[in-house]
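Containing mmCIF, C-alpha atoms: structure_19.cif.
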```
data_my_file
loop_
_atom_site.label_atom_id
_atom_site.label_comp_id
_atom_site.auth_asym_id
_atom_site.auth_seq_id
_atom_site.Cartn_x
_atom_site.Cartn_y
_atom_site.Cartn_z
CA MET J 1 0.00 0.00 0.00
CA THR J 2 1.36 3.37 -1.04
CA GLU J 3 2.20 5.61 1.90
CA GLN J 4 0.16 8.79 1.84
CA PRO J 5 1.91 12.13 2.47
CA ASP J 6 1.27 13.96 5.71
CA ILE J 7 -1.60 16.28 4.69
CA LYS J 8 -1.08 18.53 7.67
CA GLN J 9 2.65 18.93 6.97
CA THR J 10 1.96 19.63 3.26
CA ALA J 11 -0.60 22.28 4.13
CA VAL J 12 1.87 23.96 6.47
CA ALA J 13 4.58 23.90 3.82
CA GLU J 14 2.30 25.59 1.32
CA ALA J 15 1.00 28.12 3.81
CA GLY J 16 4.16 30.17 4.08
CA PRO J 17 7.63 30.36 5.61
CA SER J 18 8.59 28.15 8.51
CA LEU J 19 9.86 29.40 11.86
CA ALA J 20 13.36 28.38 10.84
CA GLN J 21 13.13 30.52 7.71
CA ILE J 22 11.78 33.48 9.66
CA ALA J 23 14.59 33.09 12.20
CA GLY J 24 17.10 33.05 9.36
CA ARG J 25 15.82 36.44 8.26
CA VAL J 26 15.95 38.16 11.64
CA LEU J 27 18.90 36.64 13.51
CA ASN J 28 22.48 37.80 12.89
CA ARG J 29 21.31 40.13 10.12
CA PRO J 30 21.18 43.93 10.19
CA LEU J 31 17.56 45.05 10.41
CA LEU J 32 15.90 48.40 9.93
CA LEU J 33 13.28 47.49 12.49
CA HIS J 34 11.62 49.13 15.47
CA PRO J 35 12.92 47.61 18.75
CA ASP J 36 9.43 46.70 19.98
CA LYS J 37 8.83 44.63 16.86
CA ALA J 38 12.21 42.95 17.25
CA ASP J 39 11.37 42.02 20.85
CA LEU J 40 8.04 40.54 19.73
CA ILE J 41 9.68 38.43 17.02
CA LEU J 42 12.31 37.13 19.42
CA HIS J 43 9.65 36.30 21.99
CA VAL J 44 7.72 34.27 19.41
CA LEU J 45 10.83 32.46 18.22
CA GLN J 46 12.27 31.79 21.69
CA GLY J 47 11.88 28.14 22.57
CA ARG J 48 10.03 27.32 19.33
CA ILE J 49 12.98 26.86 16.98
CA GLY J 50 13.83 23.22 17.12
CA ILE J 51 16.28 21.17 15.12
CA GLU J 52 13.78 20.71 12.29
CA PRO J 53 14.24 20.22 8.55
CA LEU J 54 13.48 23.15 6.31
CA GLN J 55 10.01 22.81 4.85
CA THR J 56 9.48 22.93 1.12
CA VAL J 57 9.03 26.43 -0.28
CA THR J 58 6.52 26.60 -3.10
CA PRO J 59 7.20 28.82 -6.15
CA GLU J 60 4.43 31.19 -5.07
CA THR J 61 6.56 32.43 -2.17
CA ASN J 62 9.25 33.72 -4.51
CA ARG J 63 7.21 35.95 -6.76
CA PHE J 64 4.65 38.68 -6.41
CA VAL J 65 1.05 37.42 -6.58
CA GLY J 66 -2.37 38.85 -5.85
CA THR J 67 -4.55 41.28 -7.80
CA TYR J 68 -7.49 43.57 -7.16
CA ARG J 69 -10.35 44.28 -9.53
CA ARG J 70 -10.73 47.89 -10.62
CA ASP J 71 -13.97 49.84 -10.68
CA ASN J 72 -13.80 49.95 -14.50
CA GLY J 73 -13.69 46.16 -14.72
CA GLY J 74 -9.95 45.90 -15.20
CA VAL J 75 -7.63 43.93 -12.96
CA GLY J 76 -4.60 45.37 -11.21
CA SER J 77 -2.46 44.76 -8.18
CA MET J 78 -3.75 47.76 -6.24
CA ARG J 79 -6.88 49.79 -5.74
CA VAL J 80 -7.21 52.92 -7.89
CA GLU J 81 -9.61 55.65 -6.81
CA ASN J 82 -10.16 58.81 -8.87
CA GLY J 83 -6.80 58.42 -10.56
CA VAL J 84 -4.93 57.74 -7.30
CA ALA J 85 -3.25 54.35 -6.92
CA ILE J 86 -3.36 53.34 -3.25
CA LEU J 87 -0.37 51.14 -2.48
CA PRO J 88 -0.60 49.59 1.01
CA ILE J 89 2.64 48.91 2.89
CA VAL J 90 1.31 47.11 5.93
CA GLY J 91 3.38 44.74 8.03
CA SER J 92 7.04 43.83 8.44
CA LEU J 93 9.23 44.30 5.38
CA VAL J 94 11.20 41.52 3.72
CA ASN J 95 13.27 41.59 0.57
CA ARG J 96 11.52 38.89 -1.43
CA GLY J 97 8.37 36.81 -1.20
CA ALA J 98 4.71 36.80 -2.10
CA TRP J 99 3.43 37.59 1.36
CA ILE J 100 1.57 40.79 0.63
CA GLY J 101 -1.64 40.76 2.59
CA ALA J 102 -0.85 37.32 4.00
CA SER J 103 -1.66 36.32 7.56
CA SER J 104 2.06 36.22 8.28
CA GLY J 105 2.03 40.02 8.40
CA LEU J 106 4.89 40.37 5.94
CA VAL J 107 5.15 42.63 2.89
CA SER J 108 7.94 42.30 0.36
CA TYR J 109 10.04 44.97 -1.34
CA GLU J 110 9.63 42.83 -4.45
CA GLY J 111 5.87 43.31 -4.33
CA ILE J 112 6.08 47.03 -3.58
CA ALA J 113 8.39 47.52 -6.57
CA ALA J 114 6.02 45.61 -8.86
CA GLN J 115 3.10 47.79 -7.79
CA LEU J 116 5.09 50.99 -8.22
CA ARG J 117 6.04 50.06 -11.78
CA GLU J 118 2.46 49.12 -12.58
CA ALA J 119 1.18 52.45 -11.25
CA GLU J 120 3.77 54.36 -13.25
CA ALA J 121 2.76 52.64 -16.48
CA ASP J 122 -1.01 52.78 -15.88
CA PRO J 123 -2.56 55.63 -17.94
CA ASP J 124 -5.48 55.84 -15.50
CA VAL J 125 -3.16 56.60 -12.58
CA ARG J 126 -2.43 60.27 -11.91
CA ALA J 127 -0.68 59.89 -8.54
CA VAL J 128 0.50 57.21 -6.12
CA LEU J 129 -0.35 57.12 -2.41
CA LEU J 130 1.82 54.97 -0.12
CA ASP J 131 -0.51 53.90 2.69
CA ILE J 132 2.07 52.91 5.33
CA ASP J 133 1.62 51.06 8.60
CA SER J 134 4.88 49.23 9.11
CA PRO J 135 7.54 48.80 11.82
CA GLY J 136 10.26 48.29 9.18
CA GLY J 137 12.14 45.12 8.43
CA GLU J 138 15.10 43.88 6.42
CA ALA J 139 17.77 46.30 5.31
CA THR J 140 18.34 44.33 2.10
CA GLY J 141 16.01 45.65 -0.58
CA MET J 142 14.93 48.84 1.18
CA PHE J 143 17.43 51.11 -0.54
CA ALA J 144 16.50 49.93 -4.04
CA THR J 145 12.80 50.35 -3.23
CA ALA J 146 13.35 53.91 -1.99
CA LYS J 147 15.28 54.74 -5.16
CA LEU J 148 12.37 53.42 -7.23
CA VAL J 149 9.93 55.61 -5.28
CA SER J 150 12.13 58.60 -6.10
CA ALA J 151 12.26 57.64 -9.79
CA VAL J 152 8.48 57.21 -10.08
CA ASN J 153 7.99 60.52 -8.28
CA LYS J 154 9.68 62.26 -11.23
CA THR J 155 6.86 61.20 -13.56
CA LYS J 156 3.89 60.98 -11.18
CA PRO J 157 3.50 62.42 -7.68
CA VAL J 158 4.20 59.86 -4.95
CA VAL J 159 2.92 60.82 -1.48
CA ALA J 160 3.45 58.85 1.73
CA PHE J 161 0.63 58.74 4.27
CA VAL J 162 1.60 57.34 7.69
CA ASN J 163 -1.38 55.30 8.83
CA ASP J 164 -0.24 55.03 11.64
CA VAL J 165 3.40 53.77 11.88
CA SER J 166 6.27 54.35 9.48
CA VAL J 167 9.57 53.70 11.20
CA SER J 168 12.99 52.41 10.29
CA ALA J 169 12.92 50.72 6.83
CA ALA J 170 9.32 51.87 6.27
CA TYR J 171 10.43 55.44 6.93
CA GLY J 172 13.31 54.98 4.51
CA ILE J 173 10.77 54.26 1.77
CA ALA J 174 8.55 57.16 2.85
CA SER J 175 11.49 59.60 2.83
CA ALA J 176 11.82 59.20 -0.95
CA ALA J 177 8.25 60.42 -1.56
CA SER J 178 7.50 64.02 -2.47
CA GLU J 179 5.61 64.51 0.81
CA ILE J 180 5.09 62.71 4.11
CA ILE J 181 1.66 63.28 5.67
CA VAL J 182 0.81 62.20 9.20
CA SER J 183 -2.07 62.12 11.65
CA PRO J 184 -1.76 63.51 15.20
CA THR J 185 -0.85 60.03 16.47
CA SER J 186 1.30 58.83 13.58
CA MET J 187 4.73 57.51 14.57
CA VAL J 188 7.79 58.11 12.36
CA GLY J 189 11.55 57.91 12.73
CA SER J 190 13.66 55.15 14.32
CA ILE J 191 16.35 55.87 11.74
CA GLY J 192 18.84 53.28 12.92
CA VAL J 193 20.03 49.70 12.52
CA VAL J 194 19.72 46.73 14.85
CA LEU J 195 21.36 43.29 14.70
CA THR J 196 20.36 40.53 17.10
CA HIS J 197 22.46 37.53 18.13
CA LEU J 198 21.09 34.67 20.23
CA ASP J 199 23.48 32.66 22.38
CA ARG J 200 21.71 29.32 22.79
CA SER J 201 24.60 27.51 24.44
CA GLY J 202 22.94 27.48 27.88
CA GLU J 203 19.68 26.16 26.45
CA LEU J 204 21.46 23.38 24.58
CA GLU J 205 23.54 22.50 27.62
CA ASP J 206 20.39 22.09 29.70
CA ARG J 207 19.12 19.67 27.07
CA GLY J 208 22.37 17.80 27.01
CA VAL J 209 23.22 18.93 23.48
CA LYS J 210 26.76 19.93 22.61
CA PRO J 211 27.14 21.04 18.98
CA THR J 212 30.42 20.76 17.11
CA LEU J 213 31.09 23.05 14.12
CA ILE J 214 33.40 21.68 11.45
CA HIS J 215 34.18 24.34 8.86
CA ALA J 216 36.66 25.69 6.35
CA GLY J 217 37.45 29.38 6.46
CA ALA J 218 38.14 31.20 9.71
CA HIS J 219 35.00 33.36 9.47
CA LYS J 220 32.64 30.75 8.05
CA VAL J 221 30.66 30.34 11.29
CA ASP J 222 30.98 33.86 12.67
CA GLY J 223 27.92 34.71 14.77
CA HIS J 224 26.77 31.10 15.27
CA PRO J 225 24.13 30.66 18.02
CA PHE J 226 25.96 27.91 19.91
CA GLY J 227 28.11 30.23 21.99
CA PRO J 228 28.80 33.88 22.86
CA LEU J 229 30.22 36.32 20.32
CA SER J 230 33.97 36.84 20.35
CA ASP J 231 35.26 40.40 20.50
CA ALA J 232 36.54 40.18 16.92
CA VAL J 233 33.22 38.96 15.54
CA ARG J 234 31.33 41.56 17.56
CA ALA J 235 33.57 44.30 16.09
CA ASP J 236 32.95 43.03 12.54
CA LEU J 237 29.20 42.97 13.05
CA GLN J 238 29.27 46.46 14.57
CA ALA J 239 31.21 47.75 11.55
CA GLU J 240 28.58 46.24 9.24
CA VAL J 241 25.81 47.89 11.23
CA MET J 242 27.54 51.30 11.08
CA LYS J 243 28.05 51.02 7.32
CA ILE J 244 24.35 50.39 6.75
CA TYR J 245 23.50 53.17 9.20
CA ASP J 246 25.58 55.67 7.21
CA GLN J 247 23.79 54.63 4.03
CA PHE J 248 20.42 54.92 5.76
CA VAL J 249 21.16 58.44 7.01
CA GLY J 250 22.35 59.47 3.53
CA LEU J 251 19.20 58.08 1.91
CA VAL J 252 16.88 59.98 4.25
CA ALA J 253 18.91 63.19 3.94
CA GLU J 254 18.70 62.97 0.16
CA GLY J 255 14.97 62.31 0.11
CA ARG J 256 14.25 65.03 2.69
CA ALA J 257 16.72 67.55 1.28
CA GLY J 258 15.95 71.07 2.45
CA ARG J 259 13.80 69.79 5.32
CA VAL J 260 16.24 67.88 7.51
CA SER J 261 20.03 67.51 7.35
CA ALA J 262 22.18 64.42 7.83
CA GLU J 263 23.49 65.90 11.08
CA ALA J 264 19.95 66.40 12.40
CA ILE J 265 19.05 62.85 11.43
CA ARG J 266 22.01 61.45 13.37
CA ALA J 267 21.09 63.65 16.32
CA THR J 268 17.74 61.86 16.63
CA GLU J 269 19.69 58.76 17.76
CA ALA J 270 16.96 56.59 16.17
CA ARG J 271 14.20 58.15 18.29
CA THR J 272 10.58 58.02 17.14
CA TYR J 273 8.30 61.06 16.95
CA LEU J 274 4.53 61.52 16.92
CA GLY J 275 2.47 63.84 14.72
CA ALA J 276 3.40 67.47 15.31
CA ASP J 277 6.80 66.54 16.80
CA ALA J 278 7.66 64.66 13.61
CA ILE J 279 6.81 67.75 11.58
CA ALA J 280 8.92 69.94 13.88
CA GLN J 281 11.88 67.59 13.39
CA GLY J 282 11.54 67.81 9.60
CA LEU J 283 10.62 64.13 9.36
CA ALA J 284 7.07 64.89 8.12
CA ASP J 285 5.44 67.74 6.24
CA ARG J 286 1.84 68.21 7.41
CA MET J 287 -1.22 66.63 8.97
CA ALA J 288 -4.28 65.40 7.11
CA SER J 289 -6.66 62.46 6.95
CA LEU J 290 -6.46 59.72 4.35
CA ASP J 291 -9.66 60.93 2.67
CA GLU J 292 -8.28 64.47 2.45
CA VAL J 293 -5.05 63.25 0.89
CA ILE J 294 -6.87 61.15 -1.71
CA ALA J 295 -9.23 64.02 -2.55
CA ALA J 296 -6.33 66.41 -3.05
CA LEU J 297 -4.38 63.97 -5.23
CA SER J 298 -7.51 63.27 -7.29
CA GLN J 299 -7.55 66.85 -8.60
CA PRO J 300 -5.47 67.46 -11.76
CA PRO J 301 -2.76 70.08 -11.19
CA SER J 302 -3.76 73.59 -12.26
CA GLY J 303 -2.89 74.11 -15.92
CA ALA J 304 -1.80 70.50 -16.38
CA SER J 305 -3.30 67.66 -18.40
CA PRO J 306 -2.47 64.10 -17.33
CA GLN J 307 -0.92 62.02 -20.12
CA ARG J 308 -2.87 58.91 -21.10
CA ASN J 309 0.24 56.85 -21.75
CA GLY J 310 1.51 56.70 -18.19
CA GLY J 311 4.15 59.34 -18.80
CA PRO J 312 4.80 62.52 -16.88
CA MET J 313 2.06 65.08 -16.51
CA THR J 314 2.30 68.24 -18.58
CA LYS J 315 3.48 71.12 -16.45
CA THR J 316 4.23 74.75 -17.16
CA THR J 317 7.89 75.19 -16.39
CA GLN J 318 9.45 78.40 -15.19
CA SER J 319 11.09 78.97 -18.56
CA GLU J 320 7.70 78.56 -20.30
CA ALA J 321 5.83 80.93 -17.98
CA PRO J 322 5.11 84.49 -19.14
CA GLN J 323 7.87 86.83 -18.06
CA GLY J 324 7.09 90.09 -16.30
CA ASP J 325 3.84 91.55 -14.96
CA VAL J 326 1.56 91.99 -17.96
CA SER J 327 -1.02 93.85 -15.90
CA ALA J 328 1.52 96.67 -15.36
CA ILE J 329 1.48 97.69 -19.10
CA SER J 330 -0.85 100.61 -19.85
CA PRO J 331 -3.26 100.41 -22.85
CA ALA J 332 -1.38 103.27 -24.57
CA ASP J 333 1.99 101.53 -24.18
CA LEU J 334 0.49 98.27 -25.39
CA GLN J 335 -0.98 99.93 -28.49
CA GLY J 336 2.33 101.68 -29.17
CA ALA J 337 4.15 98.36 -29.01
CA VAL J 338 1.66 96.80 -31.42
CA ASP J 339 1.99 99.70 -33.89
CA ALA J 340 5.78 99.54 -33.73
CA ALA J 341 5.69 95.81 -34.41
CA ARG J 342 3.39 96.32 -37.41
CA THR J 343 5.61 99.07 -38.84
CA GLU J 344 8.70 96.91 -38.44
CA ALA J 345 6.99 93.95 -40.08
CA HIS J 346 5.76 96.12 -42.98
CA ALA J 347 9.23 97.54 -43.56
CA ALA J 348 10.71 94.08 -43.51
CA GLY J 349 8.09 92.89 -45.99
CA VAL J 350 8.70 95.82 -48.36
CA THR J 351 12.45 95.27 -48.23
CA ALA J 352 12.00 91.58 -48.95
CA GLY J 353 9.58 92.41 -51.80
CA LYS J 354 12.02 94.86 -53.40
CA ALA J 355 14.86 92.37 -53.21
CA GLU J 356 12.72 89.64 -54.76
CA ALA J 357 11.44 91.92 -57.58
CA THR J 358 14.93 93.22 -58.33
CA ALA J 359 16.28 89.68 -58.61
CA ARG J 360 13.43 88.71 -60.95
CA ILE J 361 13.89 91.72 -63.27
CA LYS J 362 17.64 91.20 -63.42
CA SER J 363 17.18 87.51 -64.25
CA ILE J 364 14.86 88.36 -67.18
CA LEU J 365 17.00 91.19 -68.61
CA THR J 366 20.26 89.24 -68.41
CA ALA J 367 18.93 85.92 -69.68
CA PRO J 368 20.50 84.59 -72.92
CA GLU J 369 17.05 84.61 -74.54
CA THR J 370 16.92 88.42 -74.14
CA ASP J 371 19.59 88.97 -76.77
CA GLY J 372 17.87 90.58 -79.79
CA ARG J 373 14.60 90.79 -77.85
CA GLU J 374 15.42 93.57 -75.41
CA ALA J 375 12.15 95.42 -75.94
CA GLN J 376 10.03 92.35 -75.26
CA ALA J 377 12.15 91.49 -72.22
CA LEU J 378 11.65 94.95 -70.74
CA VAL J 379 7.88 94.66 -71.11
CA LEU J 380 7.83 91.19 -69.52
CA ALA J 381 10.02 92.35 -66.64
CA LEU J 382 8.19 95.56 -65.77
CA GLU J 383 4.63 95.12 -66.94
CA THR J 384 3.92 91.54 -65.92
CA GLU J 385 4.38 89.31 -62.88
CA MET J 386 5.82 86.53 -65.02
CA SER J 387 8.62 84.52 -63.47
CA ALA J 388 12.12 84.59 -64.95
CA GLY J 389 11.74 81.01 -66.17
CA ASP J 390 8.42 81.65 -67.94
CA ALA J 391 9.74 84.89 -69.42
CA ALA J 392 12.72 83.03 -70.87
CA LYS J 393 10.34 80.58 -72.59
CA VAL J 394 8.30 83.44 -74.10
CA LEU J 395 11.40 85.25 -75.27
CA ALA J 396 12.83 82.09 -76.85
CA ALA J 397 9.63 81.72 -78.87
CA SER J 398 9.61 85.38 -79.94
CA PRO J 399 11.37 86.59 -83.12
CA LYS J 400 14.46 88.69 -82.77
CA ALA J 401 14.66 92.17 -84.25
CA SER J 402 15.06 92.02 -88.10
CA THR J 403 18.72 92.19 -89.24
CA SER J 404 17.62 93.85 -92.52
CA ALA J 405 16.27 96.89 -90.76
CA SER J 406 18.10 100.12 -91.25
CA ILE J 407 20.68 101.32 -88.81
CA ALA J 408 18.35 104.14 -87.87
CA ASP J 409 15.47 101.70 -87.18
CA ARG J 410 17.69 99.54 -85.00
CA ALA J 411 18.88 102.60 -83.17
CA ALA J 412 15.30 103.64 -82.58
CA GLN J 413 14.44 100.20 -81.23
CA GLU J 414 17.49 100.19 -79.01
CA ALA J 415 16.50 103.55 -77.63
CA GLU J 416 13.29 102.05 -76.31
CA LEU J 417 15.37 100.37 -73.68
CA GLY J 418 15.01 103.64 -71.83
CA ALA J 419 18.36 105.31 -72.33
CA GLU J 420 18.11 109.00 -71.56
CA THR J 421 21.10 109.78 -73.83
CA PRO J 422 20.56 109.71 -77.65
CA ALA J 423 20.91 106.14 -78.81
CA ASP J 424 23.26 106.82 -81.70
CA HIS J 425 25.88 108.14 -79.22
CA LEU J 426 25.95 104.95 -77.15
CA ASN J 427 27.43 101.59 -77.88
CA ARG J 428 25.49 98.40 -77.10
CA SER J 429 26.88 97.84 -73.55
CA GLU J 430 26.09 101.43 -72.56
CA ARG J 431 22.55 101.15 -73.86
CA ASN J 432 22.02 97.91 -71.94
CA ALA J 433 23.31 99.56 -68.77
CA ALA J 434 20.99 102.50 -69.27
CA GLY J 435 18.01 100.19 -69.81
CA TRP J 436 18.88 98.25 -66.65
CA ALA J 437 19.05 101.47 -64.62
CA LYS J 438 15.63 102.52 -65.83
CA ALA J 439 14.19 99.09 -64.99
CA ILE J 440 15.50 99.29 -61.45
CA THR J 441 14.18 102.84 -61.02
CA GLN J 442 10.71 101.77 -62.17
CA ALA J 443 10.74 98.67 -59.96
CA ASN J 444 11.66 100.72 -56.89
CA ALA J 445 8.92 103.18 -57.68
CA ARG J 446 6.35 100.39 -57.80
CA PHE J 447 7.27 99.05 -54.37
CA SER J 448 7.87 102.34 -52.53
#
```
Take the structure I supplied and represent it as structure tokens, if you would.
Amino acid sequence: MTEQPDIKQTAVAEAGPSLAQIAGRVLNRPLLLHPDKADLILHVLQGRIGIEPLQTVTPETNRFVGTYRRDNGGVGSMRVENGVAILPIVGSLVNRGAWIGASSGLVSYEGIAAQLREAEADPDVRAVLLDIDSPGGEATGMFATAKLVSAVNKTKPVVAFVNDVSVSAAYGIASAASEIIVSPTSMVGSIGVVLTHLDRSGELEDRGVKPTLIHAGAHKVDGHPFGPLSDAVRADLQAEVMKIYDQFVGLVAEGRAGRVSAEAIRATEARTYLGADAIAQGLADRMASLDEVIAALSQPPSGASPQRNGGPMTKTTQSEAPQGDVSAISPADLQGAVDAARTEAHAAGVTAGKAEATARIKSILTAPETDGREAQALVLALETEMSAGDAAKVLAASPKASTSASIADRAAQEAELGAETPADHLNRSERNAAGWAKAITQANARFS
């Protein structure tokens, strides 16, 4: 008979992380966690971590899962109300895992990042509201999540609402938002790092258990729970904590630039602050209710039209704004400016017209087709609006002056080019120059 699997054990394995896995996340690792939460976790773990095999982790615990149905019938990973994506950050923070909204009380940076990217790309989302109620959690993953909040905030407003705790790692995420809004009882701060080590040697001794660690590498088992920390290992762990602390302070100072300095952050010594005190310390911006925040974010910015492709909203920049106080210009000065602009434009147009007409006349009178047809060319140049190209075609099809005509007749025809000096006293080049001068004079007179 085939042995059936333990249904109870299978159900537990599929339900979520085991106590051993949770302990692995909180012991001997730097945490951005409020001390009260750390005490609670240690109390739960104390005496309950046995020498047990690790339970099977299903694929669902390694990726973000869970969706919510939108009011418009669509499906997304968060609730959207009046263009505001409400992203809940409720519970202790871990780097990876699909425990958002789970009974374990954990929320993953992986899931928060997925929701942020979805909100940024969603054309129906105008702004993002971080609805935070978290004591913090793992240091790993927090910094990347805060950087993503800052990046999304450049395309769509991201506002953090503390409802009602945002400390340590949760505050690190909130500090990257454009604004931190609190209630009178909201708790923020605890900008520090904690690392917990459990010495279980006495417990094991009472049970008659004496572990032996066989390892390669001098630091392979640093921080093991089967004995007290050595001074050297303690110093290494303290150095790691201080390094993360410096990064944490820098992150908050960058996100809250102009509102609180790095020196002021260090001076808090990881204290927590409530409501008005948080605002006074520069760790929050103002007080409001959740409904008020959503209502304000639901209104499109004045003079801006939200893009429908998930991109940044259109804003009037300082360089695009009208310069100067228009209301200070009197009607008389305004009319004078308009008249001056019209006069300048008219003069520019006349100048351009003269230049264009002069170029056209010159092109007609100097074209090869004009030779022997000077009289016709002059008429086409001055009495018509024909282009130089069309005039050349007409001239090419026109007969030249008869070569059998008398010298006097030719002289008379040449004189019609407009020379003011008797034609028989001018050679051909002089007559052409005289005709050109007359053409220019007439053209200028037409456009004056």
Taking the file as I've supplied it (selection: the PyMOL selection byres ((chain J and resi 174) around 10)), which residues are included? Please answer as JSON, numbers by chain.
{"J": [130, 131, 132, 146, 149, 150, 158, 159, 160, 161, 162, 166, 167, 168, 169, 170, 171, 172, 173, 175, 176, 177, 178, 179, 180, 181, 188, 252, 255, 256, 283, 284]}
Can you list, as number ranges by chain, the residues that the PyMOL selection byres ((chain J and resi 286) around 10) selects here?
J: 179-184, 275-276, 278-280, 282-285, 287-288
Just to confirm, what's the straight-line distance from atom CA of J:Gly202 to atom CA of J:Ser230 in Å (one decimal)?
16.3 Å
To one decimal place, how far is atom CA of J:Ser298 from atom CA of J:Val84 in Å?
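Result for atom CA of J:Ser298 versus atom CA of J:Val84: 6.1 Å, one decimal.
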Could you tell me how far atom CA of J:Ser134 sits from atom CA of J:Val90, in Å to one decimal place?
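Going from atom CA of J:Val90 over to atom CA of J:Ser134, I get 5.2 Å.
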From the list J:Glu138, J:Asp277, J:Glu254, J:Glu120, which residue is nearest J:Thr185 when using all atoms listed in the file?
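The answer is J:Asp277, which sits nearest to J:Thr185.
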Pick out the closest residue to J:Ala357 from this set: J:Asp164, J:Glu240, J:Glu385, J:Glu374. Count only C-alpha atoms.
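Once distances to J:Ala357 are computed over only C-alpha atoms, the minimum belongs to J:Glu385.
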Any chance you could work out the residue set of the PyMOL selection byres ((chain J and resi 115) around 10) here, as a PyMOL selection string?
chain J and resi 64+76-78+85-88+109-114+116-121+128
Given the choices J:Val233, J:Ala267, J:Leu213, J:Ala127, which gets closest to J:Val152 if the distance is worked out from all atoms listed in the file?
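Nearest to J:Val152: J:Ala127.
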Within 12 Å of stretch 215-222 of chain J using all atoms listed in the file, minus same-chain residues under 4 positions, as a PyMOL selection string:
chain J and resi 28-29+197+226-237
Choose the residue, out of J:Leu380, J:Ile89, J:Val194, J:Ala388, that has the smallest atom-to-atom separation from J:Glu356; count only C-alpha atoms.
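Of all the options, J:Ala388 lies closest to J:Glu356.
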Pick the closest to J:Asp133 from J:Leu148, J:Val80, J:Met187, J:Ala355: which is it, counting all atoms listed in the file?
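With all atoms listed in the file as the atom set, the closest residue is J:Met187.
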